[in-house]
2 protein chains.
Amino acid sequence: MGRETYWTEDPNPLLEFRQGLTLTDVDPGGKPGYAGNKADGQQALADGAEILADLQELLFANSRAAGDERRILLVLQAMDTAGKGGIVKHVMGAVDPQGVELAAFKAPTAEERAHDFLWRIESRTPGAGMIGVFDRSHYEDVLIARVRELAPPEEIERRYGAIVDFERRLVEQGTTIIKVVLRLSREEQKARLLERLDRPDKHWKFNPGDIDEREVWDDYDAAYQIALERTSTPDAPWFVVPADRKWYARLAVQHLLIDALEAMHLDWPPADFDVAAQKQRLLDEE
Amino acid sequence: MGRETYWTEDPNPLLEFRQGLTLTDVDPGGKPGYAGNKADGQQALADGAEILADLQELLFANSRAAGDERRILLVLQAMDTAGKGGIVKHVMGAVDPQGVELAAFKAPTAEERAHDFLWRIESRTPGAGMIGVFDRSHYEDVLIARVRELAPPEEIERRYGAIVDFERRLVEQGTTIIKVVLRLSREEQKARLLERLDRPDKHWKFNPGDIDEREVWDDYDAAYQIALERTSTPDAPWFVVPADRKWYARLAVQHLLIDALEAMHLDWPPADFDVAAQKQRLLDEE
C-alpha cells in the first residue's frame with residue numbers, strides 16, 4: 001500500500017480542526033505527517049489513485065446491487081489559486097467519472113438568490129453510492145457573504161446553525177462529509193497569480209477581482225476562523241490542509257477520501273439472483 | 001501524435017452511417033482503419049488521452065474567457081456489456097472532470113413519463129465549453145420503446161422527427177453532436193455475461209433481464225436500423241463502431257472526439273484585461 005510510504009503519522013488528526021486552533025497559526029508550507037519529498041508524494045498519489053478507484057467501485061456497486069445508501073461529500077473551500085481545481089483534476093480525475101458528482105458553485109443567480117441559500121446546495125448533494133465534490137459550497141454564504149456584507153449580520157448568524165442542521169441531516173441519510181479548507185500563504189498566492197500573468201495559456205484563469213480579494217485577506221481569515229468554529233462537528237469535521245505545496249494538498253485530500261471509504265468496510269455485494277441458474281440459461285441458448 | 005500510429009486511414013468516414021448501410025453487415029469484430037494490434041491500440045489510447053485532455057482545456061478556456069458557445073455532445077448507445085461504461089471510464093476519464101457532464105439515462109421515472117420524452121434530455125444537455133456524454137439517451141425512446149411496445153406506433157413515428165428537430169436546435173446553439181452505436185456480436189455478449197457470472201466482483205453488474213433482451217436481439221437490430229436511417233443527418237451523424245474488441249471501440253471514440261475538437265481550431269483566448277497593469281498591481285503591493 002504505497003500510500004503509507006513516508007506517512008510517519010496518520011495525518012487526519014493532525015489536519016482536523018479543533019476548537020482553540022487559530023487558523024493563522026497553521027503553516028501553509030507544512031506537510032503534517034509526511035516525511036517524503038515532492039517526488040515521493042507524487043508517486044504516493046499515483047499509487048493512491050488505484051486504491052481510491054477500487055474503493056469507489058465498491059461503494060458504487062453496493063449502492064446499485066445492495067441498496068446501500070452510503071455516499072461521500074467532499075467540500076473544498078479556499079482562496080483563489082489554492083488548488084481546488086488541481087485536486088478535482090488529479091485526485092478525483094483518477095476515479096471513474098460515473099461515480100463522481102461534481103458541483104462548482106459560482107455567485108448565485110437571481111433565481112438562486114430568491115430562495116434560501118441552501119436551496120441550490122440541496123439539489124446538488126450526491127446520490128447513494130456516489131462521491132460528491134463541492135468546488136466552493138454553502139460556505140461561501142458565510143465567507144464572502146460576511147467579508148463583502150452581502151447579507152445582514154443576523155442572516156449570517158442564522159446560517160451557521162442552518163448549516164449544522166443541514167449537514168446533520170445529510171449524515172443521517174448516509175453521507176460521510178469531509179470538509180477541507182486549503183491554506184495558502186498570501187506570498188504563494190502572489191507567486192501563482194504572477195505566473196498566470198506570465199503565461200498566455202493561463203490568462204483565462206486570471207481575474208482582476210482576484211487581486212481585489214487580496215486586500216481583504218485578513219477579513220477572509222477571520223471569516224474562515226468563525227465558520228470553522230461554528231460548523232466543525234464530530235459528524236462533519238473540517239480539515240485544514242496546507243496548500244503551498246500542491247502535491248501535499250492533493251495527497252492529504254486523497255488520504256482523507258481513502259480513509260473514509262476504508263472505514264465503510266466495503267465488500268462486493270452478493271448476487272441477488274441464482275448464479276448457476278442464470279449461467280445455465282445462457283449455456284442452454286440456441 | 002501517437003494517435004495516428006497504425007491508423008492506415010481516417011476511420012471517421014469508415015465508421016459513419018450512410019443511407020443504404022445494413023447494420024447487420026457491419027463486422028463487430030472489425031477494426032476499420034487500424035492496422036495495429038491490441039498493445040498498439042492501448043498505447044495509442046494513452047497517447048490520445050493527453051491530446052484529448054489538452055484540447056478539452058482549450059474548449060473550456062474559450063467558453064470561460066471568450067464567451068465561446070461551442071460544446072460537444074457524445075451520445076452512446078449499445079446493447080448491454082458492449083462497453084459504454086468502459087468508454088466513459090477510459091476515454092472520458094482522461095479528461096479533467098470539471099469539463100465533463102455525464103448523464104446516464106435509466107428507465108424514466110413517473111415524473112419523466114408525465115412529460116414529453118425529450119423533457120429529461122433537454123435538462124442534461126451540456127453547457128458551453130463542456131463535453132457532455134449521454135450513456136443511453138433519447139434514442140431509448142425509439143429503441144426499447146419500439147421493441148417492447150412501450151408507446152403506440154404513431155408516437156414512435158413522431159419521435160424520429162422530433163429528435164431530428166431537437167438535435168438541429170442543439171447544433172444551431174453551438175453543439176457538435178457525435179452519436180455512436182457500439183456494435184457487439186451476440187456471441188461476444190454471451191461470453192461477457194458468462195464472465196460476469198463467473199466473477200463475484202462482477203455480479204453487481206449482472207441483471208437477469210439482460211438475458212431476456214437477447215431473445216429479441218433481432219428486433220433491436222431492426223429498431224437500430226430504422227433509428228439510424230431516420231435520424232442520421234449531416235449535422236448529427238451516427239457512427240457505427242465495432243465493439244467486440246474493447247480497445248478498438250475506445251480508440252475509435254477517442255478519435256472522433258479529438259477530430260471534433262481539432263476541427264474547432266481552438267487557441268488560448270486573449271486576455272480581456274491589461275496584463276502589464278495587473279502585474280504592476282501585484283508588484284506594487286505592500
# chains A, B, ... in the order shown; residues from 1 in each chain; ligands from 1
$ select_by_dssp --residues "segment 93-207 of chain B" --states "strand (DSSP E or B)" --output "list in words"
Val100, Glu101, Leu102, Ala103, Ala104, Ile131, Gly132, Val133, Phe134, Asp135, Thr175, Thr176, Ile177, Ile178, Lys179, Val180, Val181, Leu182 and Arg183 of chain B
$ interface_residues --of "chain B" --to "chain A" --cutoff "8 Å" --atoms "only C-alpha atoms" --output "PyMOL selection string"
chain B and resi 61-62+64-65+85+88-89+92-98+102+190+194+197+200-201+203-205+208+211+268-271+273+275+278-279+281-282
$ residues_around --residues "Gly161 of chain B" --least-positions-apart "2" --cutoff "12 Å" --atoms "only C-alpha atoms" --output "PyMOL selection string"
chain B and resi 142+154-159+163-168+227+229-233
$ residues_around --residues "Lys106 of chain A" --least-positions-apart "2" --cutoff "12 Å" --atoms "only C-alpha atoms" --output "PyMOL selection string"
chain A and resi 103-104+108-109+112-113+120-121+134-141+144
$ residues_around --residues "segment 250-259 of chain A" --least-positions-apart "6" --cutoff "7 Å" --atoms "only C-alpha atoms" --output "ChimeraX atom specification"
/A:12,41,45,52,87,91
$ write_last_selection --atoms "N, CA, C and O atoms" --output "mmCIF file, in the first residue's frame"
data_model
loop_
_atom_site.group_PDB
_atom_site.id
_atom_site.type_symbol
_atom_site.label_atom_id
_atom_site.label_comp_id
_atom_site.auth_asym_id
_atom_site.auth_seq_id
_atom_site.Cartn_x
_atom_site.Cartn_y
_atom_site.Cartn_z
ATOM 1 N N ASN A 12 -4.811 12.501 9.454
ATOM 2 C CA ASN A 12 -6.164 13.003 9.699
ATOM 3 C C ASN A 12 -6.293 13.783 10.994
ATOM 4 O O ASN A 12 -6.794 14.908 10.991
ATOM 5 N N GLY A 41 5.905 12.103 -2.889
ATOM 6 C CA GLY A 41 4.486 12.428 -2.774
ATOM 7 C C GLY A 41 3.741 12.174 -4.075
ATOM 8 O O GLY A 41 2.603 11.693 -4.066
ATOM 9 N N LEU A 45 0.768 9.550 -4.648
ATOM 10 C CA LEU A 45 -0.513 9.954 -5.223
ATOM 11 C C LEU A 45 -0.927 8.988 -6.336
ATOM 12 O O LEU A 45 -2.097 8.601 -6.440
ATOM 13 N N LEU A 52 -7.973 4.340 -4.455
ATOM 14 C CA LEU A 52 -9.201 5.137 -4.412
ATOM 15 C C LEU A 52 -10.188 4.665 -5.471
ATOM 16 O O LEU A 52 -11.395 4.536 -5.210
ATOM 17 N N ILE A 87 -7.031 19.558 -7.265
ATOM 18 C CA ILE A 87 -7.493 18.386 -6.510
ATOM 19 C C ILE A 87 -8.582 17.660 -7.286
ATOM 20 O O ILE A 87 -8.577 16.431 -7.398
ATOM 21 N N VAL A 91 -6.925 14.261 -8.092
ATOM 22 C CA VAL A 91 -7.402 13.262 -7.128
ATOM 23 C C VAL A 91 -8.684 12.621 -7.653
ATOM 24 O O VAL A 91 -8.761 11.407 -7.835
#
$ atom_distance --atom1 "atom CA of Gln42 of chain A" --atom2 "atom CA of Met79 of chain A"
23.3 Å
$ select_by_dssp --residues "segment 56-281 of chain A" --states "alpha helix (DSSP H)" --output "ChimeraX atom specification"
/A:56-66,84-90,110-113,119-122,144-147,153-172,186-198,208-214,217-231,246-262,275-281
$ residues_around --residues "Gly174 of chain B" --least-positions-apart "3" --cutoff "10 Å" --atoms "only C-alpha atoms" --output "PyMOL selection string"
chain B and resi 68-72+127-129+169-171+177
$ write_last_selection --atoms "all heavy atoms" --output "mmCIF file, in the first residue's frame"
data_model
loop_
_atom_site.group_PDB
_atom_site.id
_atom_site.type_symbol
_atom_site.label_atom_id
_atom_site.label_comp_id
_atom_site.auth_asym_id
_atom_site.auth_seq_id
_atom_site.Cartn_x
_atom_site.Cartn_y
_atom_site.Cartn_z
ATOM 1 N N ASP B 68 -17.141 31.766 -25.833
ATOM 2 C CA ASP B 68 -17.338 30.778 -26.892
ATOM 3 C C ASP B 68 -18.470 29.836 -26.472
ATOM 4 O O ASP B 68 -18.450 29.273 -25.390
ATOM 5 C CB ASP B 68 -16.027 30.006 -27.089
ATOM 6 C CG ASP B 68 -15.999 29.202 -28.371
ATOM 7 O OD1 ASP B 68 -17.064 28.713 -28.808
ATOM 8 O OD2 ASP B 68 -14.903 29.063 -28.949
ATOM 9 N N GLU B 69 -19.453 29.693 -27.355
ATOM 10 C CA GLU B 69 -20.641 28.899 -27.013
ATOM 11 C C GLU B 69 -20.510 27.431 -27.421
ATOM 12 O O GLU B 69 -21.434 26.639 -27.229
ATOM 13 C CB GLU B 69 -21.870 29.493 -27.701
ATOM 14 C CG GLU B 69 -22.366 30.798 -27.091
ATOM 15 C CD GLU B 69 -23.036 30.561 -25.740
ATOM 16 O OE1 GLU B 69 -23.692 29.515 -25.577
ATOM 17 O OE2 GLU B 69 -22.881 31.408 -24.850
ATOM 18 N N ARG B 70 -19.388 27.061 -28.008
ATOM 19 C CA ARG B 70 -19.291 25.701 -28.539
ATOM 20 C C ARG B 70 -19.160 24.657 -27.429
ATOM 21 O O ARG B 70 -18.656 24.941 -26.347
ATOM 22 C CB ARG B 70 -18.124 25.620 -29.523
ATOM 23 C CG ARG B 70 -18.450 26.359 -30.822
ATOM 24 C CD ARG B 70 -17.292 26.325 -31.788
ATOM 25 N NE ARG B 70 -16.145 27.086 -31.281
ATOM 26 C CZ ARG B 70 -14.996 27.198 -31.943
ATOM 27 N NH1 ARG B 70 -14.833 26.603 -33.102
ATOM 28 N NH2 ARG B 70 -14.008 27.918 -31.423
ATOM 29 N N ARG B 71 -19.632 23.488 -27.744
ATOM 30 C CA ARG B 71 -19.632 22.379 -26.790
ATOM 31 C C ARG B 71 -19.767 21.083 -27.588
ATOM 32 O O ARG B 71 -20.075 21.133 -28.781
ATOM 33 C CB ARG B 71 -20.800 22.536 -25.823
ATOM 34 C CG ARG B 71 -22.140 22.430 -26.501
ATOM 35 C CD ARG B 71 -23.236 23.124 -25.716
ATOM 36 N NE ARG B 71 -23.171 24.565 -25.890
ATOM 37 C CZ ARG B 71 -23.993 25.433 -25.315
ATOM 38 N NH1 ARG B 71 -24.937 25.007 -24.500
ATOM 39 N NH2 ARG B 71 -23.899 26.724 -25.527
ATOM 40 N N ILE B 72 -19.573 19.979 -26.925
ATOM 41 C CA ILE B 72 -19.672 18.679 -27.603
ATOM 42 C C ILE B 72 -20.680 17.803 -26.867
ATOM 43 O O ILE B 72 -20.765 17.845 -25.631
ATOM 44 C CB ILE B 72 -18.287 17.999 -27.662
ATOM 45 C CG1 ILE B 72 -17.434 18.702 -28.725
ATOM 46 C CG2 ILE B 72 -18.399 16.506 -27.948
ATOM 47 C CD1 ILE B 72 -16.069 18.118 -28.929
ATOM 48 N N GLY B 127 -23.447 22.349 -21.126
ATOM 49 C CA GLY B 127 -23.267 23.795 -21.177
ATOM 50 C C GLY B 127 -22.103 24.163 -22.086
ATOM 51 O O GLY B 127 -21.322 23.308 -22.518
ATOM 52 N N ALA B 128 -21.978 25.458 -22.369
ATOM 53 C CA ALA B 128 -20.903 25.948 -23.223
ATOM 54 C C ALA B 128 -19.545 25.517 -22.666
ATOM 55 O O ALA B 128 -19.308 25.579 -21.454
ATOM 56 C CB ALA B 128 -20.967 27.465 -23.329
ATOM 57 N N GLY B 129 -18.667 25.076 -23.541
ATOM 58 C CA GLY B 129 -17.318 24.713 -23.127
ATOM 59 C C GLY B 129 -17.189 23.311 -22.561
ATOM 60 O O GLY B 129 -16.094 22.892 -22.206
ATOM 61 N N ARG B 169 -31.564 21.960 -33.347
ATOM 62 C CA ARG B 169 -31.514 23.128 -32.464
ATOM 63 C C ARG B 169 -30.223 23.136 -31.633
ATOM 64 O O ARG B 169 -29.570 24.170 -31.480
ATOM 65 C CB ARG B 169 -32.750 23.152 -31.549
ATOM 66 C CG ARG B 169 -32.736 24.264 -30.524
ATOM 67 C CD ARG B 169 -34.125 24.557 -29.981
ATOM 68 N NE ARG B 169 -34.778 23.387 -29.389
ATOM 69 C CZ ARG B 169 -34.576 22.960 -28.143
ATOM 70 N NH1 ARG B 169 -33.722 23.588 -27.355
ATOM 71 N NH2 ARG B 169 -35.228 21.910 -27.672
ATOM 72 N N LEU B 170 -29.846 21.973 -31.125
ATOM 73 C CA LEU B 170 -28.589 21.912 -30.348
ATOM 74 C C LEU B 170 -27.403 22.308 -31.223
ATOM 75 O O LEU B 170 -26.516 23.040 -30.785
ATOM 76 C CB LEU B 170 -28.366 20.503 -29.783
ATOM 77 C CG LEU B 170 -29.389 19.972 -28.773
ATOM 78 C CD1 LEU B 170 -28.912 18.627 -28.236
ATOM 79 C CD2 LEU B 170 -29.605 20.944 -27.626
ATOM 80 N N VAL B 171 -27.401 21.833 -32.454
ATOM 81 C CA VAL B 171 -26.301 22.160 -33.363
ATOM 82 C C VAL B 171 -26.270 23.670 -33.615
ATOM 83 O O VAL B 171 -25.208 24.295 -33.589
ATOM 84 C CB VAL B 171 -26.435 21.368 -34.685
ATOM 85 C CG1 VAL B 171 -25.460 21.893 -35.726
ATOM 86 C CG2 VAL B 171 -26.209 19.884 -34.432
ATOM 87 N N ILE B 177 -22.480 17.325 -32.297
ATOM 88 C CA ILE B 177 -23.090 16.080 -31.825
ATOM 89 C C ILE B 177 -22.405 14.890 -32.490
ATOM 90 O O ILE B 177 -22.260 14.854 -33.713
ATOM 91 C CB ILE B 177 -24.597 16.046 -32.142
ATOM 92 C CG1 ILE B 177 -25.310 17.235 -31.468
ATOM 93 C CG2 ILE B 177 -25.216 14.730 -31.679
ATOM 94 C CD1 ILE B 177 -26.819 17.266 -31.721
#
$ residues_around --residues "Gly83 of chain B" --least-positions-apart "4" --cutoff "10 Å" --atoms "only C-alpha atoms" --output "count of residues only"
17
